[in-house]
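> Structure file input_34.cif (mmCIF, C-alpha atoms and all ligand atoms) is given on the next line.
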data_upload
loop_
_atom_site.label_atom_id
_atom_site.label_comp_id
_atom_site.auth_asym_id
_atom_site.auth_seq_id
_atom_site.Cartn_x
_atom_site.Cartn_y
_atom_site.Cartn_z
CA MET U 1 1.25 -13.99 11.07
CA THR U 2 -1.81 -11.99 10.22
CA ASP U 3 -4.98 -13.88 9.49
CA ARG U 4 -5.12 -15.08 5.90
CA ALA U 5 -8.52 -13.42 5.49
CA VAL U 6 -6.92 -10.01 5.98
CA THR U 7 -4.60 -10.39 3.03
CA ARG U 8 -7.29 -11.77 0.79
CA ASP U 9 -9.50 -8.77 1.44
CA ALA U 10 -8.91 -6.41 -1.47
CA ASP U 11 -9.68 -3.23 0.47
CA PRO U 12 -9.25 -3.99 4.19
CA ARG U 13 -10.86 -0.74 5.26
CA PRO U 14 -12.65 1.58 2.88
CA SER U 15 -10.53 4.56 1.84
CA PRO U 16 -12.03 8.02 2.07
CA GLY U 17 -11.22 8.98 -1.54
CA VAL U 18 -11.28 6.87 -4.69
CA PRO U 19 -11.49 3.19 -3.63
CA LEU U 20 -9.07 0.54 -4.82
CA SER U 21 -11.68 -1.02 -7.09
CA ALA U 22 -11.84 2.20 -9.11
CA ARG U 23 -8.08 2.80 -9.05
CA ARG U 24 -6.97 -0.56 -10.32
CA ARG U 25 -6.03 0.11 -13.92
CA GLY U 26 -7.93 -2.84 -15.34
CA VAL U 27 -7.19 -4.02 -18.88
CA ALA U 28 -5.60 -0.62 -19.54
CA GLY U 29 -2.84 -1.85 -17.23
CA TRP U 30 -2.09 -4.55 -19.80
CA VAL U 31 -2.47 -2.73 -23.10
CA ASP U 32 -1.32 0.80 -22.28
CA VAL U 33 2.41 0.38 -22.84
CA ARG U 34 3.31 4.04 -22.24
CA GLY U 35 6.06 4.04 -19.64
CA ARG U 36 6.35 0.25 -19.76
CA ARG U 37 9.50 -1.67 -20.59
CA LEU U 38 10.28 -4.57 -22.92
CA GLY U 39 8.92 -7.26 -20.56
CA GLY U 40 5.59 -5.48 -20.21
CA VAL U 41 5.32 -5.11 -23.97
CA ALA U 42 6.19 -8.82 -24.37
CA PHE U 43 3.43 -9.69 -21.89
CA ILE U 44 0.68 -7.88 -23.79
CA LEU U 45 2.00 -8.97 -27.21
CA ASN U 46 1.90 -12.59 -25.97
CA ARG U 47 -1.71 -12.12 -24.94
CA ILE U 48 -2.79 -10.49 -28.21
CA THR U 49 -0.89 -12.94 -30.41
CA GLY U 50 -2.17 -15.92 -28.37
CA LEU U 51 -5.76 -14.85 -29.02
CA GLY U 52 -4.90 -13.91 -32.62
CA VAL U 53 -3.37 -17.30 -33.35
CA LEU U 54 -6.35 -18.99 -31.71
CA PHE U 55 -8.65 -17.02 -34.04
CA TYR U 56 -6.45 -18.00 -37.00
CA LEU U 57 -6.74 -21.66 -36.02
CA TYR U 58 -10.51 -21.35 -36.18
CA LEU U 59 -10.38 -19.63 -39.60
CA HIS U 60 -7.90 -22.22 -40.79
CA LEU U 61 -10.25 -25.07 -39.92
CA VAL U 62 -13.18 -23.30 -41.56
CA VAL U 63 -11.17 -22.86 -44.77
CA LEU U 64 -9.85 -26.42 -44.68
CA SER U 65 -13.41 -27.64 -44.46
CA GLN U 66 -13.78 -26.39 -48.05
CA LEU U 67 -11.61 -29.36 -49.06
CA ALA U 68 -14.56 -31.54 -48.17
CA VAL U 69 -16.73 -29.59 -50.63
CA GLY U 70 -14.53 -30.65 -53.55
CA PRO U 71 -11.48 -29.78 -55.67
CA SER U 72 -13.14 -26.95 -57.62
CA ALA U 73 -14.24 -25.12 -54.47
CA TRP U 74 -10.68 -25.35 -53.15
CA ASP U 75 -9.06 -24.26 -56.44
CA SER U 76 -11.27 -21.20 -56.74
CA LEU U 77 -10.58 -20.26 -53.14
CA LEU U 78 -6.86 -20.45 -53.86
CA LYS U 79 -7.06 -18.45 -57.08
CA ASN U 80 -9.48 -15.79 -55.87
CA TRP U 81 -8.19 -15.27 -52.38
CA PHE U 82 -4.96 -16.74 -51.22
CA LEU U 83 -2.69 -15.68 -54.09
CA ASN U 84 -3.84 -12.11 -53.57
CA PRO U 85 -1.04 -9.77 -52.29
CA VAL U 86 -3.22 -8.81 -49.31
CA PHE U 87 -2.98 -12.41 -48.17
CA LEU U 88 0.79 -12.31 -48.56
CA VAL U 89 0.84 -9.46 -46.07
CA LEU U 90 -1.50 -11.40 -43.77
CA ASP U 91 0.89 -14.36 -44.00
CA VAL U 92 3.70 -12.14 -42.77
CA VAL U 93 1.50 -10.90 -39.92
CA LEU U 94 0.63 -14.49 -39.01
CA LEU U 95 4.27 -15.54 -39.06
CA ALA U 96 5.19 -12.56 -36.87
CA GLY U 97 2.42 -13.45 -34.43
CA LEU U 98 3.49 -17.09 -34.24
CA LEU U 99 7.13 -16.13 -33.74
CA ILE U 100 6.35 -13.58 -31.03
CA HIS U 101 4.02 -15.95 -29.20
CA GLY U 102 6.13 -19.07 -29.58
CA LEU U 103 9.52 -17.57 -28.77
CA ASN U 104 8.22 -15.43 -25.92
CA GLY U 105 6.24 -18.44 -24.73
CA ILE U 106 9.46 -20.42 -24.41
CA ARG U 107 11.00 -17.55 -22.41
CA VAL U 108 7.95 -17.29 -20.14
CA ALA U 109 7.93 -21.05 -19.57
CA LEU U 110 11.66 -21.20 -18.77
CA VAL U 111 11.85 -18.10 -16.59
CA GLY U 112 8.46 -18.82 -15.04
CA LEU U 113 9.75 -22.14 -13.75
CA GLY U 114 12.73 -20.46 -12.16
CA LEU U 115 15.27 -21.19 -14.92
CA VAL U 116 17.66 -18.63 -16.50
CA VAL U 117 16.02 -15.98 -14.32
CA SER U 118 19.12 -13.84 -13.95
CA ARG U 119 19.60 -13.81 -17.73
CA GLN U 120 15.94 -13.27 -18.63
CA LYS U 121 16.60 -9.93 -20.31
CA ALA U 122 19.35 -11.41 -22.47
CA LEU U 123 16.98 -14.27 -23.32
CA LEU U 124 14.35 -11.75 -24.43
CA GLY U 125 16.94 -10.00 -26.58
CA ALA U 126 18.20 -13.26 -28.09
CA PHE U 127 14.70 -14.53 -28.90
CA GLY U 128 13.80 -11.12 -30.31
CA THR U 129 16.81 -11.29 -32.64
CA ILE U 130 16.08 -14.88 -33.71
CA GLY U 131 12.44 -13.94 -34.34
CA ALA U 132 13.39 -10.92 -36.45
CA ILE U 133 15.79 -13.00 -38.58
CA VAL U 134 13.27 -15.81 -39.14
CA LEU U 135 10.58 -13.25 -39.97
CA LEU U 136 12.86 -11.62 -42.55
CA ILE U 137 13.72 -14.96 -44.18
CA GLY U 138 10.06 -16.00 -44.09
CA THR U 139 8.94 -12.74 -45.69
CA LEU U 140 11.50 -13.14 -48.49
CA MET U 141 10.28 -16.69 -49.08
CA PHE U 142 6.65 -15.56 -49.21
CA ILE U 143 7.56 -12.90 -51.75
CA SER U 144 9.58 -15.26 -53.95
CA HIS U 145 6.89 -17.98 -53.89
CA GLY U 146 3.96 -15.61 -54.23
CA GLY U 147 5.51 -13.50 -57.02
CA MET E 1 20.86 29.95 -15.51
CA SER E 2 17.66 28.23 -14.67
CA GLU E 3 15.50 26.42 -17.13
CA THR E 4 11.73 26.62 -16.90
CA VAL E 5 9.82 23.37 -16.97
CA THR E 6 6.05 22.97 -17.11
CA PHE E 7 4.69 20.70 -14.39
CA ARG E 8 1.29 19.11 -14.96
CA VAL E 9 0.18 17.72 -11.64
CA GLN E 10 -2.83 15.46 -11.22
CA ARG E 11 -5.24 16.85 -8.63
CA PHE E 12 -8.10 15.25 -6.75
CA LYS E 13 -9.93 16.18 -3.59
CA GLN E 14 -12.54 14.05 -1.88
CA GLY E 15 -15.93 14.83 -3.31
CA ASP E 16 -14.52 15.79 -6.73
CA PRO E 17 -16.31 13.88 -9.51
CA ALA E 18 -12.97 13.21 -11.24
CA SER E 19 -9.28 14.09 -11.22
CA HIS E 20 -7.94 17.02 -13.24
CA TYR E 21 -4.51 18.51 -13.93
CA ASP E 22 -3.08 21.80 -12.70
CA THR E 23 -0.17 23.38 -14.54
CA PHE E 24 2.78 25.14 -12.91
CA GLN E 25 5.78 26.84 -14.55
CA GLU E 26 8.84 25.96 -12.50
CA SER E 27 12.44 27.05 -12.72
CA THR E 28 14.98 24.29 -12.29
CA ASP E 29 18.71 24.05 -11.86
CA PRO E 30 20.79 21.00 -12.75
CA ARG E 31 20.20 19.44 -9.33
CA THR E 32 16.48 20.10 -8.88
CA THR E 33 14.44 16.98 -8.15
CA VAL E 34 10.75 16.41 -8.77
CA LEU E 35 10.18 16.42 -5.01
CA ASP E 36 11.98 19.78 -4.72
CA VAL E 37 9.56 21.23 -7.25
CA LEU E 38 6.44 19.71 -5.66
CA THR E 39 7.33 20.93 -2.17
CA ARG E 40 8.07 24.37 -3.63
CA ILE E 41 4.68 24.42 -5.37
CA ARG E 42 3.05 23.58 -2.07
CA ARG E 43 5.02 26.21 -0.18
CA VAL E 44 4.80 29.05 -2.66
CA GLU E 45 1.97 28.52 -5.10
CA ASP E 46 -0.66 26.16 -3.81
CA PRO E 47 -0.69 25.06 -0.17
CA THR E 48 -3.55 22.67 -0.88
CA LEU E 49 -1.30 20.33 -2.91
CA THR E 50 -0.97 17.11 -0.95
CA LEU E 51 1.85 14.62 -1.32
CA ARG E 52 3.77 12.17 0.85
CA HIS E 53 7.47 12.42 1.57
CA SER E 54 9.86 12.21 4.45
CA CYS E 55 13.56 11.46 4.03
CA PHE E 56 14.48 13.17 0.70
CA HIS E 57 17.07 10.45 0.05
CA ALA E 58 15.41 7.25 -1.19
CA SER E 59 15.19 5.59 2.22
CA CYS E 60 11.67 6.04 3.56
CA GLY E 61 9.76 4.92 0.47
CA THR E 62 6.96 7.46 0.87
CA CYS E 63 7.43 9.62 -2.23
CA GLY E 64 6.58 6.99 -4.84
CA MET E 65 4.60 8.48 -7.73
CA LYS E 66 4.35 8.42 -11.50
CA VAL E 67 6.49 10.93 -13.34
CA ASN E 68 6.05 11.06 -17.11
CA GLY E 69 4.17 7.75 -16.89
CA ARG E 70 6.80 5.86 -14.92
CA GLU E 71 6.90 4.97 -11.24
CA VAL E 72 9.77 6.68 -9.44
CA LEU E 73 10.83 8.06 -6.07
CA ALA E 74 10.28 11.80 -6.60
CA CYS E 75 13.11 12.66 -4.18
CA VAL E 76 15.81 11.15 -6.37
CA THR E 77 14.30 11.98 -9.77
CA ASN E 78 16.28 14.79 -11.36
CA VAL E 79 14.01 17.07 -13.42
CA ARG E 80 16.51 18.03 -16.13
CA GLU E 81 17.56 14.41 -16.61
CA LEU E 82 13.98 13.60 -17.57
CA GLY E 83 14.73 15.53 -20.73
CA THR E 84 11.19 16.83 -21.29
CA ASP E 85 9.89 20.43 -21.26
CA GLU E 86 6.71 19.19 -19.65
CA VAL E 87 6.70 16.87 -16.64
CA VAL E 88 3.49 14.99 -15.83
CA VAL E 89 3.07 13.94 -12.19
CA GLN E 90 0.44 11.39 -11.15
CA PRO E 91 -0.26 9.30 -8.07
CA LEU E 92 0.67 5.59 -8.06
CA ASP E 93 -1.77 3.21 -9.74
CA ASN E 94 -3.47 0.18 -8.23
CA ALA E 95 -3.89 1.84 -4.82
CA PRO E 96 -6.81 3.82 -3.36
CA LEU E 97 -6.50 7.57 -3.93
CA VAL E 98 -6.85 9.78 -0.87
CA SER E 99 -5.99 13.21 -2.26
CA ASP E 100 -3.86 14.64 -5.10
CA LEU E 101 -0.67 12.54 -5.10
CA VAL E 102 -1.44 10.71 -1.86
CA VAL E 103 -2.49 7.08 -2.15
CA ASP E 104 -3.65 4.89 0.70
CA MET E 105 -0.95 2.29 1.35
CA GLY E 106 -3.30 0.23 3.58
CA PRO E 107 -4.03 -2.59 1.10
CA PHE E 108 -0.32 -2.80 0.21
CA TYR E 109 0.75 -3.03 3.85
CA ALA E 110 -1.97 -5.56 4.68
CA ARG E 111 -0.42 -7.98 2.19
CA PHE E 112 3.16 -7.09 2.95
CA ASN E 113 2.81 -7.36 6.72
CA ALA E 114 1.04 -10.71 6.42
CA ILE E 115 4.39 -12.19 5.33
CA ASP E 116 5.99 -11.06 8.59
CA ARG E 117 9.56 -10.89 7.31
CA PRO E 118 12.10 -9.42 9.78
CA LEU E 119 13.63 -6.10 8.76
CA VAL E 120 17.27 -6.65 9.75
CA ARG E 121 19.41 -9.13 7.85
CA GLU E 122 21.65 -11.56 9.67
CA SER E 123 23.48 -13.00 6.69
CA GLU E 124 25.10 -9.75 5.65
CA LEU E 125 26.40 -6.57 7.20
CA VAL E 126 26.70 -3.24 5.43
CA PRO E 127 29.67 -3.80 3.12
CA GLY E 128 32.59 -1.46 3.65
CA SER E 129 31.01 0.32 6.60
CA HIS E 130 33.11 1.93 9.34
CA PRO E 131 30.97 1.90 12.47
CA ALA E 132 31.84 4.21 15.35
CA GLU E 133 33.90 2.93 18.23
CA GLY E 134 31.98 0.64 20.53
CA ILE E 135 29.57 -0.39 17.80
CA PRO E 136 30.43 -3.94 16.67
CA HIS E 137 29.05 -3.66 13.13
CA ALA E 138 26.58 -1.78 10.98
CA GLU E 139 23.47 -3.86 10.55
CA ARG E 140 22.11 -4.32 7.10
CA TYR E 141 18.40 -3.79 6.55
CA GLU E 142 16.33 -5.54 3.94
CA ASP E 143 16.40 -3.68 0.63
CA CYS E 144 12.65 -3.15 0.27
CA ILE E 145 11.57 0.34 1.37
CA GLU E 146 7.87 -0.57 0.98
CA CYS E 147 7.15 2.17 -1.51
CA GLY E 148 4.45 0.34 -3.51
CA ILE E 149 6.06 1.26 -6.83
CA CYS E 150 6.21 -2.38 -7.96
CA LEU E 151 2.47 -2.85 -7.39
CA SER E 152 1.72 0.24 -9.48
CA ALA E 153 3.90 -0.98 -12.34
CA CYS E 154 2.52 -4.54 -12.35
CA PRO E 155 0.08 -5.48 -15.14
CA ILE E 156 -1.36 -8.30 -13.04
CA ALA E 157 -2.16 -6.05 -10.08
CA ALA E 158 -4.17 -4.00 -12.58
CA THR E 159 -6.78 -6.74 -12.90
CA ASP E 160 -6.42 -9.24 -10.05
CA PRO E 161 -7.83 -7.74 -6.83
CA GLU E 162 -6.46 -10.62 -4.77
CA TYR E 163 -2.91 -10.65 -6.10
CA LEU E 164 -0.43 -10.70 -3.24
CA GLY E 165 1.87 -8.46 -5.27
CA PRO E 166 5.60 -8.29 -6.04
CA ALA E 167 6.82 -6.76 -2.76
CA ALA E 168 4.96 -9.22 -0.50
CA LEU E 169 6.11 -12.18 -2.61
CA ALA E 170 9.70 -10.93 -2.58
CA ALA E 171 9.44 -10.61 1.20
CA ALA E 172 8.18 -14.20 1.41
CA ASP E 173 11.21 -15.36 -0.56
CA ARG E 174 13.57 -13.36 1.65
CA LEU E 175 11.96 -14.97 4.70
CA ARG E 176 12.49 -18.38 3.10
CA GLU E 177 16.14 -17.58 2.37
CA GLU E 178 16.75 -16.24 5.86
CA PRO E 179 14.07 -17.23 8.41
CA ARG E 180 15.80 -15.59 11.41
CA GLY E 181 13.79 -17.69 13.84
CA GLN E 182 10.51 -16.85 12.16
CA GLN E 183 7.90 -19.37 10.96
CA VAL E 184 8.27 -19.82 7.19
CA PRO E 185 5.38 -22.18 6.23
CA PRO E 186 2.56 -19.64 6.80
CA ALA E 187 4.22 -17.25 4.35
CA LEU E 188 4.79 -20.04 1.84
CA ARG E 189 1.13 -21.02 2.12
CA LEU E 190 0.16 -17.46 1.21
CA ALA E 191 2.59 -17.51 -1.70
CA ASP E 192 1.62 -20.99 -2.97
CA ASP E 193 -1.73 -19.81 -4.27
CA PRO E 194 -3.32 -18.90 -7.64
CA HIS E 195 -3.20 -15.27 -6.45
CA GLY E 196 0.33 -15.66 -5.12
CA ALA E 197 3.58 -16.65 -6.82
CA TRP E 198 1.72 -18.45 -9.60
CA ARG E 199 -0.19 -15.39 -10.78
CA CYS E 200 2.88 -13.61 -12.15
CA HIS E 201 3.19 -13.52 -15.98
CA VAL E 202 6.89 -12.71 -16.08
CA ALA E 203 6.66 -9.14 -17.37
CA PHE E 204 9.43 -8.10 -14.91
CA GLU E 205 7.98 -4.57 -14.72
CA CYS E 206 8.32 -4.66 -10.92
CA SER E 207 12.03 -5.43 -11.07
CA GLU E 208 12.54 -2.70 -13.67
CA ALA E 209 10.65 -0.12 -11.62
CA CYS E 210 11.92 -1.02 -8.13
CA PRO E 211 14.13 1.86 -6.90
CA SER E 212 15.84 -0.27 -4.28
CA ASN E 213 17.28 -3.23 -6.20
CA VAL E 214 14.92 -5.75 -4.65
CA ASP E 215 14.31 -7.59 -7.94
CA PRO E 216 10.83 -8.78 -6.87
CA ALA E 217 10.27 -10.75 -10.08
CA GLY E 218 13.52 -12.65 -9.59
CA HIS E 219 12.37 -13.49 -6.06
CA ILE E 220 8.98 -14.65 -7.35
CA MET E 221 10.79 -17.07 -9.67
CA SER E 222 13.05 -18.43 -6.93
CA LEU E 223 9.98 -18.77 -4.73
CA ARG E 224 8.36 -20.83 -7.48
CA ARG E 225 11.39 -23.07 -7.75
CA SER E 226 11.25 -23.72 -4.06
CA LEU E 227 7.48 -24.31 -4.12
CA ILE E 228 7.91 -26.77 -7.00
CA GLY E 229 10.57 -28.55 -4.94
CA ARG E 230 8.23 -28.77 -1.95
CA ARG E 231 5.39 -30.15 -4.06
CA TRP E 232 7.71 -32.67 -5.69
CA ARG E 233 8.98 -33.88 -2.32
CA ALA E 234 5.43 -34.07 -0.97
CA LEU E 235 4.41 -36.12 -4.02
CA ARG E 236 7.19 -38.61 -3.33
CA GLY E 237 6.28 -38.81 0.33
CA GLU E 238 9.54 -37.20 1.37
CA PRO E 239 9.74 -34.62 4.15
CA VAL E 240 8.85 -31.28 2.60
CA GLY E 241 11.27 -29.34 4.76
CA ALA E 242 10.07 -26.79 7.24
CA GLU E 243 11.88 -23.86 5.71
CA ARG E 244 12.84 -24.49 2.17
C1 LIG Y 301 4.82 -22.27 -30.47
C2 LIG Y 301 4.31 -22.90 -29.48
C3 LIG Y 301 3.68 -22.18 -28.31
C4 LIG Y 301 4.27 -21.88 -27.13
C5 LIG Y 301 5.71 -22.16 -26.71
C6 LIG Y 301 3.27 -21.23 -26.31
C7 LIG Y 301 3.48 -20.80 -25.02
C8 LIG Y 301 2.56 -20.12 -24.25
C9 LIG Y 301 2.79 -19.68 -22.89
C10 LIG Y 301 4.03 -19.94 -22.05
C11 LIG Y 301 1.69 -19.01 -22.49
C12 LIG Y 301 1.47 -18.34 -21.12
C13 LIG Y 301 1.82 -16.89 -21.24
C14 LIG Y 301 1.76 -16.16 -19.95
O1 LIG Y 301 1.86 -16.76 -18.87
O2 LIG Y 301 1.63 -14.91 -19.97
C15 LIG Y 301 0.74 -19.03 -23.59
C16 LIG Y 301 -0.49 -18.45 -23.57
C17 LIG Y 301 -1.43 -18.58 -24.57
N1 LIG Y 301 -1.28 -19.25 -25.76
FE1 LIG Y 301 0.41 -20.15 -26.39
N2 LIG Y 301 2.10 -21.12 -27.01
C18 LIG Y 301 2.29 -21.70 -28.24
C19 LIG Y 301 1.37 -21.81 -29.25
C20 LIG Y 301 0.07 -21.36 -29.17
C21 LIG Y 301 -0.94 -21.54 -30.21
C22 LIG Y 301 -0.70 -22.29 -31.53
C23 LIG Y 301 -2.07 -20.92 -29.78
C24 LIG Y 301 -3.41 -20.78 -30.44
C25 LIG Y 301 -4.00 -21.71 -31.09
C26 LIG Y 301 -1.80 -20.35 -28.47
C27 LIG Y 301 -2.71 -19.65 -27.73
C28 LIG Y 301 -2.45 -19.11 -26.49
C29 LIG Y 301 -3.39 -18.31 -25.74
C30 LIG Y 301 -4.79 -17.90 -26.16
C31 LIG Y 301 -2.74 -17.96 -24.53
C32 LIG Y 301 -3.30 -17.12 -23.38
C33 LIG Y 301 -2.74 -15.74 -23.46
C34 LIG Y 301 -2.47 -15.12 -22.13
O3 LIG Y 301 -2.88 -15.64 -21.07
O4 LIG Y 301 -1.83 -14.06 -22.09
N3 LIG Y 301 -0.50 -20.65 -28.13
N4 LIG Y 301 1.31 -19.70 -24.65
S1 LIG Y 302 10.00 -4.31 -3.90
FE1 LIG Y 302 10.97 -2.39 -4.60
S2 LIG Y 302 9.27 -1.32 -5.65
FE2 LIG Y 302 8.32 -2.91 -4.39
S3 LIG Y 302 7.80 -1.91 -2.46
FE3 LIG Y 302 9.86 -2.83 -2.19
S4 LIG Y 302 11.31 -1.19 -2.73
FE4 LIG Y 302 9.29 -0.57 -3.52
S1 LIG Y 303 11.26 11.09 0.45
FE1 LIG Y 303 11.92 9.21 1.38
S2 LIG Y 303 12.12 7.90 -0.36
FE2 LIG Y 303 11.69 9.81 -1.27
#
Would you kindly transcribe this structure into C-alpha cells?

Amino acid sequence: MTDRAVTRDADPRPSPGVPLSARRRGVAGWVDVRGRRLGGVAFILNRITGLGVLFYLYLHLVVLSQLAVGPSAWDSLLKNWFLNPVFLVLDVVLLAGLLIHGLNGIRVALVGLGLVVSRQKALLGAFGTIGAIVLLIGTLMFISHGG
Amino acid sequence: MSETVTFRVQRFKQGDPASHYDTFQESTDPRTTVLDVLTRIRRVEDPTLTLRHSCFHASCGTCGMKVNGREVLACVTNVRELGTDEVVVQPLDNAPLVSDLVVDMGPFYARFNAIDRPLVRESELVPGSHPAEGIPHAERYEDCIECGICLSACPIAATDPEYLGPAALAAADRLREEPRGQQVPPALRLADDPHGAWRCHVAFECSEACPSNVDPAGHIMSLRRSLIGRRWRALRGEPVGAER
C-alpha cells in the first residue's frame, strides 16, 4: 500500500510539458457536451436546472411578497405580466427544468446508492419518456388555461 | 480504391506557448485504423510526431487518445467507420501533456497503484480457452488495461484535483470482491472519502468510454453499497468485516 499522501498529491512529480493543473478541463469538462453521452448530458442538465430552479424559488418568493402589499398590487401584476404569452413559454421552461431535475434526481439518488445500477440506462430512458409525456400534457394545459 | 481522409492532429512541443493543429491528407482502406495513420504520418511525413503505442490490439492500453472528441484506443478505431471526412486527433484530457499526443500517466498510476489490486484473477479462468499441453489453465487477467480513458471522459476529474478516479475506484472494488490474500481495508479507506467513491455524480461517462468492459461506474456504485453496509454495521456496533 502506497502512502496515502502520494495519492492525494495531484501532480506527484512535475511533468516537463503542460502540468496537470492546466490540462484539467475545468468547468468546460461539465458543460462541453461534444463527444459526451446521455449520462454526461444528464449530469450537466441536472446542475443547470438545479441552479435554475433555485433562482426561480427566489423570484417566486419575491413575487409572492407582493401579496403583502395588497390585492391591487397582485391583480395588476397578474394582468400585466403573468397572463402574457412570454410567461406561458417561461412556464413551460420551468416545468421542463423541474421535470429534468426531479426525475434525473431520483435516478441519481437510486443509482448513486447502488440500486438498479445495471439498469441505469433503461431508467434514464424511462424517466426521459415520462418527463416528455408530462411536459407535453403540461404544455397543453398551460395553453388551454392561458388562452 | 482508397478514400482520402483529412487528419487534424493536435501538436505541442515543450516550450510552445500553446497547442496547434497540423493537417495531413491520408489515404485509407476499409481496415485502416487511426493508429495505422498516425504511425504512417510519423514514418513518412513528420518524424517529430510523438505518440504512445505498443501492442496494436487493445491489450497494452497505451494508445488512448481523443478521436473526433471521444476517448478511444487508436489501435482499434477504424477510420472509415468514424464516418467523417475529417478526423480530429487530440491527447487525453485531465492528464499532464508531455508532447503532441503523449500524456504523462504518472498521476493516474499514482492513484491506481495505491489500491494495490493483484493483476491475475483467481475466481475465473479464460472462458473457452484451450491451453497447450502441460499448462493447467489459461489465467484470466483483470479487465482494466490502465489506459486512462475513463479519467479523460469523467466530468468530475475535470474539476476535482484530488479525485481518485474511475479506474482506481473500480480496482478497489475488484480487490474487495476478490482480495487474493491482499489487505482490503487500506483500499477501502482511500475509497471511503469525499474525493473517493462519494465524489461520483453518476454520469457513467467512464463506463461508456472504457474500451475494456470494466464498467468503472458500476463498480463505484457497488463500492458505495459496501461502504454503506460497513458504516451501518459500525453504527450498530457490529463487526464491520475485514473484507466486505
Ligand atoms: C423534485 C424533487 C428533487 C429531487 C428528487 C432532487 C434531487 C437532487 C439530486 C439527487 C441532486 C444531486 C445531483 C448530483 O449528485 O449530481 C440534486 C442537486 C441539486 N438540486 Fe435538487 N432535487 C429536487 C428538487 C430541487 C429543487 C426544488 C431545487 C431548487 C430550489 C433543487 C436544487 C438543486 C441544486 C442547486 C443542486 C446542486 C446541483 C449539482 O450539484 O449538480 N433541487 N438534486
Ligand atoms: S477502467 Fe477502462 S477506461 Fe479506465 S483505465 Fe481501465 S481499461 Fe481504461
Ligand atoms: S496499442 Fe496497445 S492498446 Fe492500442
> From the list E:Ala167, E:Val214, E:Leu188, E:Leu227, which residue is nearest E:Ser152 when using only C-alpha atoms?
E:Ala167
> Do me a favour and pick out the residues of chain E within 8 Å of chain U, using only C-alpha atoms, as an NGL selection string.
:E and (13-15 or 68-70 or 93-99 or 104 or 106-107 or 110-111 or 113-116 or 153-159 or 161-162 or 164 or 186 or 190 or 201-205 or 208 or 218 or 221-222 or 224-225)
> Could you list, as a list in words, all residues that come within 6 Å of ligand LIG 302 (chain Y)? Count all atoms listed in the file.
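Here is the list of contacting residues: Cys144, Ile145, Glu146, Cys147, Gly148, Ile149, Cys150, Ala167, Cys210, Pro211, Ser212, Val214 and Pro216 of chain E.
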> Kindly compile the residues surrounding ligand LIG 301 (chain Y) within 9 Å, counting only C-alpha atoms and all ligand atoms, and format them as a PyMOL selection string.
(chain U and resi 42-58+98-110+112) or (chain E and resi 199-203)
> Counting all atoms listed in the file, name the residues that have an atom within 9 Å of an atom of ligand LIG 303 (chain Y); the answer should be given as JSON, numbers by chain.
{"E": [35, 52, 53, 54, 55, 56, 57, 58, 59, 60, 61, 62, 63, 64, 72, 73, 74, 75, 76, 145, 147]}
> What is the distance, in Å and to one decimal place, between atom CA of E:Arg140 and atom CA of E:Val120?
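Rounded to one decimal, the two atoms are 6.0 Å apart.
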> Using atom CA of E:Asp215 and atom CA of E:Ala170 as the two end points, give the distance in Å to one decimal.
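Answer for the atom CA of E:Asp215 to atom CA of E:Ala170 separation: 7.8 Å.
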> Could you tell me how far atom CA of E:Glu71 lies from atom CA of E:Pro194, in Å and to one decimal?
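Separation of atom CA of E:Glu71 and atom CA of E:Pro194: 26.2 Å.
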> Taking 4 positions as the minimum chain separation for residues in the same chain, which residues sit within 7 Å of U:Leu88 when counting only C-alpha atoms? Answer as an MDAnalysis selection string.
chainID U and resid 84 92 142
> Smallest atom-to-atom distance to E:Asp46: which of E:Asp16, E:Glu122, E:Glu81, E:Val9, using only C-alpha atoms?
E:Val9
> Centre and edge lengths, as JSON, for the axis-aligned box enclosing every listed atom of stretch 140-147 of chain E with 8 Å of padding on each of the six sides, in Å to one decimal?

{"center_x": 14.6, "center_y": -1.7, "center_z": 2.8, "size_x": 31.0, "size_y": 23.7, "size_z": 24.6}
